[in-house]
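One file, data-v6.tsv, is given below (TSV, C-alpha atoms and all ligand atoms).
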```tsv
chain	number	residue	atom	x	y	z
A	525	MET	CA	-8.87	6.55	-10.24
A	526	LYS	CA	-8.36	9.89	-8.53
A	527	ALA	CA	-4.88	10.92	-7.48
A	528	LEU	CA	-3.54	13.75	-5.33
A	529	SER	CA	-0.03	15.11	-5.51
A	530	ILE	CA	1.57	15.57	-2.08
A	531	ARG	CA	5.08	16.79	-1.36
A	532	GLN	CA	7.65	14.54	0.24
A	533	PRO	CA	8.25	13.53	2.94
A	534	TRP	CA	4.56	14.01	3.80
A	535	ALA	CA	3.49	11.58	1.08
A	536	TRP	CA	5.79	8.92	2.57
A	537	LEU	CA	4.44	9.65	6.06
A	538	ILE	CA	0.86	9.08	4.86
A	539	ILE	CA	1.70	5.70	3.35
A	540	HIS	CA	4.24	4.45	5.92
A	541	GLY	CA	4.30	6.75	8.93
A	542	GLY	CA	0.77	6.87	10.28
A	543	LYS	CA	-0.03	10.39	9.05
A	544	ASP	CA	-3.83	10.32	9.08
A	545	LEU	CA	-4.52	13.89	8.07
A	546	GLU	CA	-3.64	15.82	4.93
A	547	ASN	CA	-3.58	19.58	5.45
A	548	ARG	CA	-5.05	21.71	2.70
A	549	THR	CA	-6.44	25.20	2.25
A	550	TRP	CA	-9.66	23.80	0.77
A	551	ASN	CA	-12.33	21.27	1.70
A	552	THR	CA	-13.34	18.48	-0.65
A	553	LYS	CA	-16.55	16.53	-1.22
A	554	PHE	CA	-14.58	13.61	-2.61
A	555	ARG	CA	-14.75	10.42	-0.50
A	556	GLY	CA	-13.05	7.13	-1.22
A	557	ARG	CA	-9.67	5.70	-2.10
A	558	PHE	CA	-7.25	7.83	-4.05
A	559	LEU	CA	-3.67	7.44	-5.25
A	560	VAL	CA	-0.93	9.23	-3.35
A	561	HIS	CA	1.37	10.93	-5.84
A	562	ALA	CA	4.72	12.07	-4.43
A	563	ALA	CA	5.47	15.47	-5.96
A	564	GLN	CA	8.79	16.04	-7.68
A	565	GLY	CA	9.83	19.07	-5.64
A	566	MET	CA	11.33	18.87	-2.12
A	567	THR	CA	13.90	21.04	-0.33
A	568	ARG	CA	16.25	19.95	2.47
A	569	LYS	CA	14.52	22.51	4.68
A	570	GLU	CA	11.12	20.90	4.04
A	571	TYR	CA	12.58	17.50	4.76
A	572	GLU	CA	14.10	18.62	8.09
A	573	PHE	CA	10.93	20.40	9.17
A	574	ALA	CA	8.81	17.34	8.41
A	575	ARG	CA	11.31	15.02	10.15
A	576	ASP	CA	11.09	17.08	13.37
A	577	PHE	CA	7.33	17.36	13.07
A	578	ALA	CA	7.03	13.59	12.58
A	579	LEU	CA	9.08	12.99	15.73
A	580	GLN	CA	6.59	15.06	17.73
A	581	ALA	CA	3.72	13.10	16.21
A	582	ASN	CA	5.44	9.83	17.22
A	583	ALA	CA	5.74	8.70	13.65
A	584	THR	CA	8.13	6.16	12.23
A	585	LEU	CA	11.60	7.53	11.53
A	586	LEU	CA	11.89	8.98	8.04
A	587	PRO	CA	14.14	7.29	5.51
A	588	PRO	CA	17.14	9.37	4.32
A	589	LEU	CA	16.20	12.27	2.07
A	590	GLU	CA	17.78	10.72	-1.02
A	591	ASP	CA	15.78	7.49	-0.57
A	592	LEU	CA	12.39	9.19	-0.85
A	593	GLN	CA	10.76	8.49	-4.20
A	594	ARG	CA	9.49	11.55	-6.01
A	595	GLY	CA	7.56	12.27	-9.17
A	596	GLY	CA	5.22	9.30	-9.13
A	597	ILE	CA	2.58	7.19	-7.41
A	598	ILE	CA	3.74	5.56	-4.15
A	599	GLY	CA	0.49	4.19	-2.71
A	600	SER	CA	-3.20	4.69	-2.09
A	601	VAL	CA	-5.27	5.80	0.89
A	602	GLU	CA	-8.93	6.28	1.69
A	603	LEU	CA	-10.36	9.76	2.28
A	604	VAL	CA	-13.21	9.55	4.80
A	605	ASP	CA	-13.84	13.17	5.80
A	606	SER	CA	-12.86	16.77	5.16
A	607	LEU	CA	-12.74	18.91	8.32
A	608	ASP	CA	-12.36	22.56	9.27
A	609	ARG	CA	-10.49	21.62	12.46
A	610	SER	CA	-8.92	18.45	13.85
A	611	ASP	CA	-7.34	17.07	17.03
A	612	SER	CA	-4.92	14.94	15.02
A	613	PRO	CA	-1.25	15.59	15.91
A	614	TRP	CA	-0.79	16.05	12.16
A	615	TYR	CA	-3.21	18.96	11.98
A	616	MET	CA	-1.60	22.22	10.88
A	617	GLY	CA	-4.57	23.89	9.24
A	618	ASP	CA	-6.34	25.24	7.42
A	619	LYS	CA	-8.54	22.25	6.46
A	620	GLY	CA	-7.83	18.58	7.02
A	621	PHE	CA	-8.58	15.52	4.88
A	622	VAL	CA	-9.08	12.54	7.22
A	623	LEU	CA	-7.26	9.48	5.87
A	624	ARG	CA	-7.33	5.79	6.68
A	625	ASP	CA	-6.03	2.41	5.50
A	626	PRO	CA	-2.91	3.42	3.52
A	627	LYS	CA	-1.51	0.85	1.09
A	628	PRO	CA	1.90	1.10	-0.55
A	629	LEU	CA	2.21	0.50	-4.30
A	630	PRO	CA	5.20	-0.20	-6.52
A	631	PHE	CA	6.54	3.19	-7.62
A	632	MET	CA	5.04	4.43	-10.87
A	633	PRO	CA	6.60	7.59	-12.36
A	634	MET	CA	4.02	10.12	-13.42
A	635	ARG	CA	3.62	13.86	-13.66
A	636	GLY	CA	1.52	15.41	-10.91
A	637	ARG	CA	-1.14	18.09	-11.19
A	638	LEU	CA	-2.91	20.51	-8.89
A	639	GLY	CA	-5.90	19.22	-6.95
A	640	PHE	CA	-7.40	15.80	-7.54
A	641	PHE	CA	-6.58	14.47	-10.99
A	642	GLU	CA	-7.24	11.27	-12.96
A	643	GLY	CA	-4.48	8.75	-12.22
A	644	PRO	CA	-4.19	5.11	-13.30
A	645	SER	CA	-6.73	2.45	-12.23
A	646	LEU	CA	-5.96	-0.20	-9.65
A	647	VAL	CA	-6.56	-3.91	-10.15
A	648	ASN	CA	-8.25	-5.38	-7.04
A	649	GLY	CA	-6.91	-2.39	-5.09
A	650	GLU	CA	-3.37	-3.71	-5.27
A	651	THR	CA	-1.52	-3.02	-8.49
A	652	ILE	CA	-1.75	-0.41	-11.21
A	653	CYS	CA	-3.60	-1.59	-14.32
A	654	THR	CA	-1.34	-2.11	-17.32
A	655	TYR	CA	-3.90	-3.87	-19.54
A	656	GLN	CA	-3.05	-3.89	-23.23
A	657	TRP	CA	-4.69	-5.73	-26.11
A	658	GLY	CA	-3.28	-5.01	-29.55
A	659	THR	CA	-3.25	-1.24	-29.81
A	660	TRP	CA	-5.87	-0.89	-27.06
A	661	GLU	CA	-4.56	0.20	-23.69
A	662	CYS	CA	-6.16	0.92	-20.36
A	663	ARG	CA	-6.21	4.69	-20.10
A	664	GLY	CA	-6.26	4.55	-16.33
A	665	ASP	CA	-9.87	5.24	-15.40
A	666	GLY	CA	-11.30	1.82	-16.22
A	667	TYR	CA	-11.70	2.47	-19.94
A	668	LEU	CA	-9.53	1.78	-22.96
A	669	TRP	CA	-8.14	4.01	-25.64
A	670	ASP	CA	-6.71	3.12	-29.02
A	671	ALA	CA	-2.99	3.85	-28.87
A	672	ASP	CA	-2.84	3.33	-32.62
A	673	HIS	CA	-4.41	6.73	-33.21
A	674	ASP	CA	-2.74	10.09	-32.83
A	675	GLY	CA	-3.41	11.46	-29.41
A	676	TYR	CA	-6.44	10.91	-27.31
A	677	ASP	CA	-9.97	11.04	-28.66
A	678	PRO	CA	-12.61	10.81	-25.91
A	679	SER	CA	-15.25	9.54	-28.36
A	680	GLU	CA	-13.16	6.43	-28.97
A	681	CYS	CA	-12.78	5.56	-25.33
A	682	ASP	CA	-15.98	3.86	-24.34
A	683	ASN	CA	-14.71	0.29	-24.04
A	684	ALA	CA	-14.49	-0.90	-20.44
A	685	CYS	CA	-11.23	-2.46	-19.29
A	686	PRO	CA	-11.65	-6.20	-18.51
A	687	CYS	CA	-8.82	-6.04	-15.99
A	688	CYS	CA	-9.64	-3.08	-13.73
A	689	ASN	CA	-13.32	-2.45	-14.66
A	690	THR	CA	-14.45	-6.06	-14.94
A	691	LEU	CA	-18.03	-5.56	-13.72
A	692	VAL	CA	-18.84	-2.88	-16.31
A	693	PHE	CA	-17.03	-4.91	-18.98
A	694	LEU	CA	-19.32	-7.90	-18.28
A	695	GLN	CA	-22.48	-5.83	-17.76
A	696	ARG	CA	-22.02	-4.40	-21.24
A	697	ALA	CA	-21.36	-7.86	-22.67
A	698	LYS	CA	-24.64	-9.03	-21.13
A	699	GLU	CA	-26.52	-6.13	-22.74
A	700	GLU	CA	-24.99	-6.92	-26.08
A	701	ALA	CA	-25.60	-10.67	-25.78
A	702	GLU	CA	-29.25	-10.11	-24.91
A	703	THR	CA	-29.92	-7.82	-27.88
A	704	THR	CA	-27.81	-9.39	-30.65
A	705	SER	CA	-28.72	-12.76	-32.19
A	706	SER	CA	-25.92	-12.65	-34.76
A	707	TYR	CA	-23.28	-10.25	-35.99
A	708	SER	CA	-20.61	-10.17	-38.63
A	709	ASN	CA	-17.94	-7.61	-39.30
A	710	GLY	CA	-14.61	-7.57	-41.09
A	711	TYR	CA	-12.86	-9.37	-38.25
A	712	SER	CA	-15.25	-11.93	-36.85
A	713	SER	CA	-18.78	-13.19	-36.66
A	714	GLY	CA	-20.84	-14.80	-33.95
A	715	THR	CA	-23.98	-14.77	-31.86
A	716	GLY	CA	-25.11	-13.10	-28.67
A	717	GLU	CA	-24.08	-16.25	-26.91
A	718	SER	CA	-20.56	-16.17	-28.33
A	719	ILE	CA	-20.27	-12.48	-27.38
A	720	TRP	CA	-21.07	-13.39	-23.78
A	721	LEU	CA	-18.75	-16.41	-23.69
A	722	ASP	CA	-15.86	-14.53	-25.30
A	723	HIS	CA	-16.17	-11.68	-22.82
A	724	VAL	CA	-16.32	-14.02	-19.82
A	725	LYS	CA	-13.22	-15.79	-21.12
A	726	ALA	CA	-11.34	-12.50	-21.58
A	727	ALA	CA	-12.39	-11.26	-18.14
A	728	HIS	CA	-11.31	-14.53	-16.54
A	729	ARG	CA	-7.92	-14.35	-18.20
A	730	GLU	CA	-7.32	-10.77	-17.03
A	731	ASN	CA	-8.86	-10.80	-13.57
A	732	PRO	CA	-10.33	-14.06	-12.21
A	733	THR	CA	-11.16	-12.60	-8.77
A	734	ALA	CA	-13.16	-9.67	-10.12
A	735	THR	CA	-14.80	-11.92	-12.74
A	736	GLU	CA	-16.22	-14.25	-10.08
A	737	ALA	CA	-17.56	-11.27	-8.11
A	738	ALA	CA	-19.03	-9.68	-11.25
A	739	LEU	CA	-20.74	-12.89	-12.40
A	740	ALA	CA	-22.37	-13.31	-8.99
A	741	LYS	CA	-23.69	-9.75	-9.19
A	742	ILE	CA	-24.87	-9.93	-12.81
A	743	GLY	CA	-26.97	-13.10	-12.52
A	744	PRO	CA	-28.62	-14.94	-15.45
A	745	VAL	CA	-27.75	-13.84	-18.97
A	746	HIS	CA	-30.38	-14.53	-21.66
A	747	ALA	CA	-28.06	-14.77	-24.64
A	748	LEU	CA	-29.54	-14.83	-28.15
A	749	VAL	CA	-28.54	-17.30	-30.85
A	750	ASP	CA	-29.65	-17.22	-34.49
A	751	ASP	CA	-31.88	-20.19	-35.27
A	752	ASN	CA	-34.02	-20.20	-38.40
A	753	SER	CA	-35.92	-23.32	-37.36
A	754	HIS	CA	-37.71	-21.17	-34.78
A	755	PRO	CA	-40.47	-18.78	-35.83
A	756	GLU	CA	-38.68	-15.86	-34.13
A	757	GLY	CA	-35.45	-16.67	-35.96
A	758	PHE	CA	-33.51	-17.10	-32.76
A	759	VAL	CA	-33.43	-18.93	-29.44
A	760	VAL	CA	-32.41	-17.83	-26.00
A	761	ARG	CA	-29.77	-19.65	-24.01
A	762	ILE	CA	-29.46	-18.86	-20.35
A	763	HIS	CA	-25.95	-18.52	-19.00
A	764	ASN	CA	-24.51	-17.70	-15.60
A	765	THR	CA	-27.27	-19.38	-13.62
A	766	GLU	CA	-27.18	-21.18	-10.28
A	767	PRO	CA	-26.25	-24.04	-10.33
A	768	ALA	CA	-23.55	-23.15	-12.79
A	769	VAL	CA	-23.31	-24.23	-16.44
A	770	VAL	CA	-27.02	-24.68	-17.03
A	771	ILE	CA	-27.73	-23.88	-20.64
A	772	GLN	CA	-31.39	-23.98	-21.45
A	773	GLN	CA	-33.03	-23.73	-24.80
A	774	LEU	CA	-36.27	-21.76	-24.74
A	775	THR	CA	-38.94	-20.78	-27.14
A	776	THR	CA	-39.30	-17.07	-26.85
A	777	GLY	CA	-42.74	-15.71	-27.39
A	778	GLU	CA	-42.17	-12.37	-25.67
A	779	ARG	CA	-38.75	-11.60	-27.06
A	780	GLN	CA	-38.39	-9.37	-30.10
A	781	GLN	CA	-35.35	-9.41	-32.32
B	1	ZN	ZN	-7.53	-1.21	-16.75
```

Using the file provided, produce a representation of the structure as structure tokens.
Ligand SMILES: [Zn+2]
Amino acid sequence: MKALSIRQPWAWLIIHGGKDLENRTWNTKFRGRFLVHAAQGMTRKEYEFARDFALQANATLLPPLEDLQRGGIIGSVELVDSLDRSDSPWYMGDKGFVLRDPKPLPFMPMRGRLGFFEGPSLVNGETICTYQWGTWECRGDGYLWDADHDGYDPSECDNACPCCNTLVFLQRAKEEAETTSSYSNGYSSGTGESIWLDHVKAAHRENPTATEAALAKIGPVHALVDDNSHPEGFVVRIHNTEPAVVIQQLTTGERQQ
């Protein structure tokens, strides 16, 4: 998800001190939750200025300078507007990003960049995704990359992360299950139905909360299964129906393999 690097102690004040406005020289069209990255650099002068400013704005007392975490993610906050002027006691100009609902996160060291940049994904809005399966790792934007290969190849990175991008992970499994009656590769073989069931199992293991929400949104899955006793060569089994666990065998006149 998006991240923005902010110098301390302002970053701390956003997450813990009620600072509801981020001053910038530019407006943004971005809206939504982003990660607050505490920049590495901070001078004693900056700290003292911000401490005095925070006192005027009735903010919580700052922690000692040496206790402020720098060079990493410290929390997330929602950006709801980007203004030319503001009445907020935190407004200093030129533009102001209006912020709400800050949430602290366990510190995660990371290099910052200018402007909004791609930071790690959050799982259920609470923790940073650290999903790993074999050599596959969450690359931080809801998709996986193969850490086995040298460097980062965007063409390899189309697999959705079951942990932090569970809905897309299951939507793609549904598509695959509804268009594949059987498959076989060097590693495994199965049917559309087994593709669906394997993905649901993996999603459940990684993120049960998001899996329940995703299944409710996705609705019935018409999974294909190879079956040579049928004229079409396959049958359809319906999964994820209400009431749960109804598996129905159908003849499928309209379906093409
Ligand atoms: Zn992830």

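Using only C-alpha atoms, the nearest neighbour of Trp614 (chain A) within the list A:Asn764, A:Gln580, A:Gln695, A:Gln593 is A:Gln580.
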
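Using all atoms listed in the file, residues with at least one atom at most 10 Å away from any atom of ligand ZN 1 (chain B) are Pro644, Ser645, Leu646, Val647, Ile652, Cys653, Thr654, Tyr655, Gln656, Glu661, Cys662, Arg663, Gly664, Asp665, Gly666, Tyr667, Leu668, Ala684, Cys685, Pro686, Cys687, Cys688, Asn689, Thr690 and Glu730 of chain A.
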
Checklist line | Non-local contacts of Leu603 (chain A) (10 Å; all atoms listed in the file; under 4 positions in same chain excluded) as a list in words | finding: Asp544, Leu545, Glu546, Thr552, Lys553, Phe554, Arg555, Gly556, Arg557, Phe558, Phe621, Val622, Leu623, Arg624, Asp625 and Pro626 of chain A

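Taking CA of Lys725 (chain A) and CA of Ser708 (chain A) as endpoints, the distance between them is 19.8 Å.
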
Note to self: Counting all atoms listed in the file, find residues at most 12 Å from (-0.2, 5.4, 10.2) (file frame) and give them as number ranges by chain.
What the structure shows: A: 534-545, 578, 581-584, 601, 612-614, 622-628

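The list of residues with at least one atom within 12 Å of Trp550 (chain A), based on only C-alpha atoms and without residues fewer than 3 positions apart in the same chain, reads Glu546, Asn547, Lys553, Phe554, Ser606, Leu607, Asp608, Arg609, Gly617, Asp618, Lys619, Gly620, Phe621, Gly639 and Phe640 of chain A.
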
Within-6 Å shell of (8.9, 11.1, -12.5) in input frame, only C-alpha atoms, as a CSV table (one decimal) with C-alpha atoms, in the frame of the given file:
```
chain,number,residue,atom,x,y,z
A,595,GLY,CA,7.6,12.3,-9.2
A,596,GLY,CA,5.2,9.3,-9.1
A,633,PRO,CA,6.6,7.6,-12.4
A,634,MET,CA,4.0,10.1,-13.4
```

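Here CA of Pro587 (chain A) and CA of Leu559 (chain A) stand 20.8 Å from one another.
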
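Put simply, CA of Asp605 (chain A) is 26.2 Å away from CA of Arg635 (chain A).
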
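For the set A:Phe573, A:Val692, A:Met632, A:Ser706, the residue with the smallest atom-to-atom gap to Gly757 (chain A) is A:Ser706, counting all atoms listed in the file.
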
Notebook entry, point to check: From the set A:Pro588, A:Tyr711, A:Glu717, A:Asn731, which residue has the shortest atom-to-atom contact distance to Phe693 (chain A), counting only C-alpha atoms?
Noted result: A:Asn731

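The residue that comes closest to Thr703 (chain A), out of A:Ala726, A:Ala740, A:Leu629, A:Val760 and on the basis of all atoms listed in the file, is A:Val760.
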
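Minimum atom-to-atom distances from A:Arg761, A:His754, A:Arg531, A:Lys741 to Trp720 (chain A) were compared using only C-alpha atoms, and the lowest value belongs to A:Arg761.
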
Next item on the list: Rank nothing, just name the residue among A:Val560, A:Leu528, A:Leu586, A:Ala738 nearest to Glu572 (chain A), using only C-alpha atoms.
Entry: A:Leu586

What would region 558-586 of chain A look like with N, CA and C atoms restored, written as a short mmCIF file (atom, residue, chain, number, x, y, z; two decimals), in the frame of the given file?
```cif
data_model
loop_
_atom_site.label_atom_id
_atom_site.label_comp_id
_atom_site.auth_asym_id
_atom_site.auth_seq_id
_atom_site.Cartn_x
_atom_site.Cartn_y
_atom_site.Cartn_z
N PHE A 558 -7.94 7.11 -2.98
CA PHE A 558 -7.25 7.83 -4.05
C PHE A 558 -5.77 7.46 -4.03
N LEU A 559 -5.10 7.74 -5.13
CA LEU A 559 -3.67 7.44 -5.25
C LEU A 559 -2.86 8.58 -4.65
N VAL A 560 -1.83 8.23 -3.90
CA VAL A 560 -0.93 9.23 -3.35
C VAL A 560 0.24 9.40 -4.32
N HIS A 561 0.30 10.59 -4.91
CA HIS A 561 1.37 10.93 -5.84
C HIS A 561 2.40 11.76 -5.08
N ALA A 562 3.65 11.30 -5.07
CA ALA A 562 4.72 12.07 -4.43
C ALA A 562 5.22 13.11 -5.43
N ALA A 563 5.08 14.39 -5.05
CA ALA A 563 5.47 15.47 -5.96
C ALA A 563 6.98 15.43 -6.21
N GLN A 564 7.38 16.04 -7.29
CA GLN A 564 8.79 16.04 -7.68
C GLN A 564 9.62 16.93 -6.74
N GLY A 565 9.06 18.07 -6.39
CA GLY A 565 9.83 19.07 -5.64
C GLY A 565 9.95 18.76 -4.15
N MET A 566 11.14 18.96 -3.57
CA MET A 566 11.33 18.87 -2.12
C MET A 566 12.66 19.56 -1.78
N THR A 567 12.65 20.40 -0.76
CA THR A 567 13.90 21.04 -0.33
C THR A 567 14.39 20.35 0.94
N ARG A 568 15.70 20.51 1.25
CA ARG A 568 16.25 19.95 2.47
C ARG A 568 15.55 20.55 3.69
N LYS A 569 15.20 21.82 3.58
CA LYS A 569 14.52 22.51 4.68
C LYS A 569 13.16 21.86 4.97
N GLU A 570 12.42 21.58 3.90
CA GLU A 570 11.12 20.90 4.04
C GLU A 570 11.29 19.55 4.70
N TYR A 571 12.32 18.83 4.23
CA TYR A 571 12.58 17.50 4.76
C TYR A 571 12.85 17.57 6.26
N GLU A 572 13.72 18.51 6.68
CA GLU A 572 14.10 18.62 8.09
C GLU A 572 12.92 19.04 8.96
N PHE A 573 12.13 19.96 8.43
CA PHE A 573 10.93 20.40 9.17
C PHE A 573 9.99 19.21 9.38
N ALA A 574 9.74 18.47 8.33
CA ALA A 574 8.81 17.34 8.41
C ALA A 574 9.37 16.25 9.32
N ARG A 575 10.69 16.04 9.29
CA ARG A 575 11.31 15.02 10.15
C ARG A 575 11.07 15.37 11.63
N ASP A 576 11.30 16.65 11.98
CA ASP A 576 11.09 17.08 13.37
C ASP A 576 9.62 17.00 13.75
N PHE A 577 8.76 17.40 12.82
CA PHE A 577 7.33 17.36 13.07
C PHE A 577 6.87 15.91 13.28
N ALA A 578 7.39 15.00 12.48
CA ALA A 578 7.03 13.59 12.58
C ALA A 578 7.47 13.01 13.92
N LEU A 579 8.61 13.46 14.43
CA LEU A 579 9.08 12.99 15.73
C LEU A 579 8.09 13.37 16.82
N GLN A 580 7.59 14.59 16.76
CA GLN A 580 6.59 15.06 17.73
C GLN A 580 5.31 14.24 17.63
N ALA A 581 4.95 13.86 16.43
CA ALA A 581 3.72 13.10 16.21
C ALA A 581 3.93 11.61 16.43
N ASN A 582 5.12 11.24 16.94
CA ASN A 582 5.44 9.83 17.22
C ASN A 582 5.40 8.95 15.99
N ALA A 583 5.78 9.49 14.88
CA ALA A 583 5.74 8.70 13.65
C ALA A 583 7.01 7.88 13.50
N THR A 584 6.95 6.96 12.58
CA THR A 584 8.13 6.16 12.23
C THR A 584 9.23 7.10 11.75
N LEU A 585 10.47 6.73 11.99
CA LEU A 585 11.60 7.53 11.53
C LEU A 585 11.60 7.61 10.00
N LEU A 586 11.86 8.80 9.50
CA LEU A 586 11.89 8.98 8.04
C LEU A 586 13.11 8.29 7.44
#
```
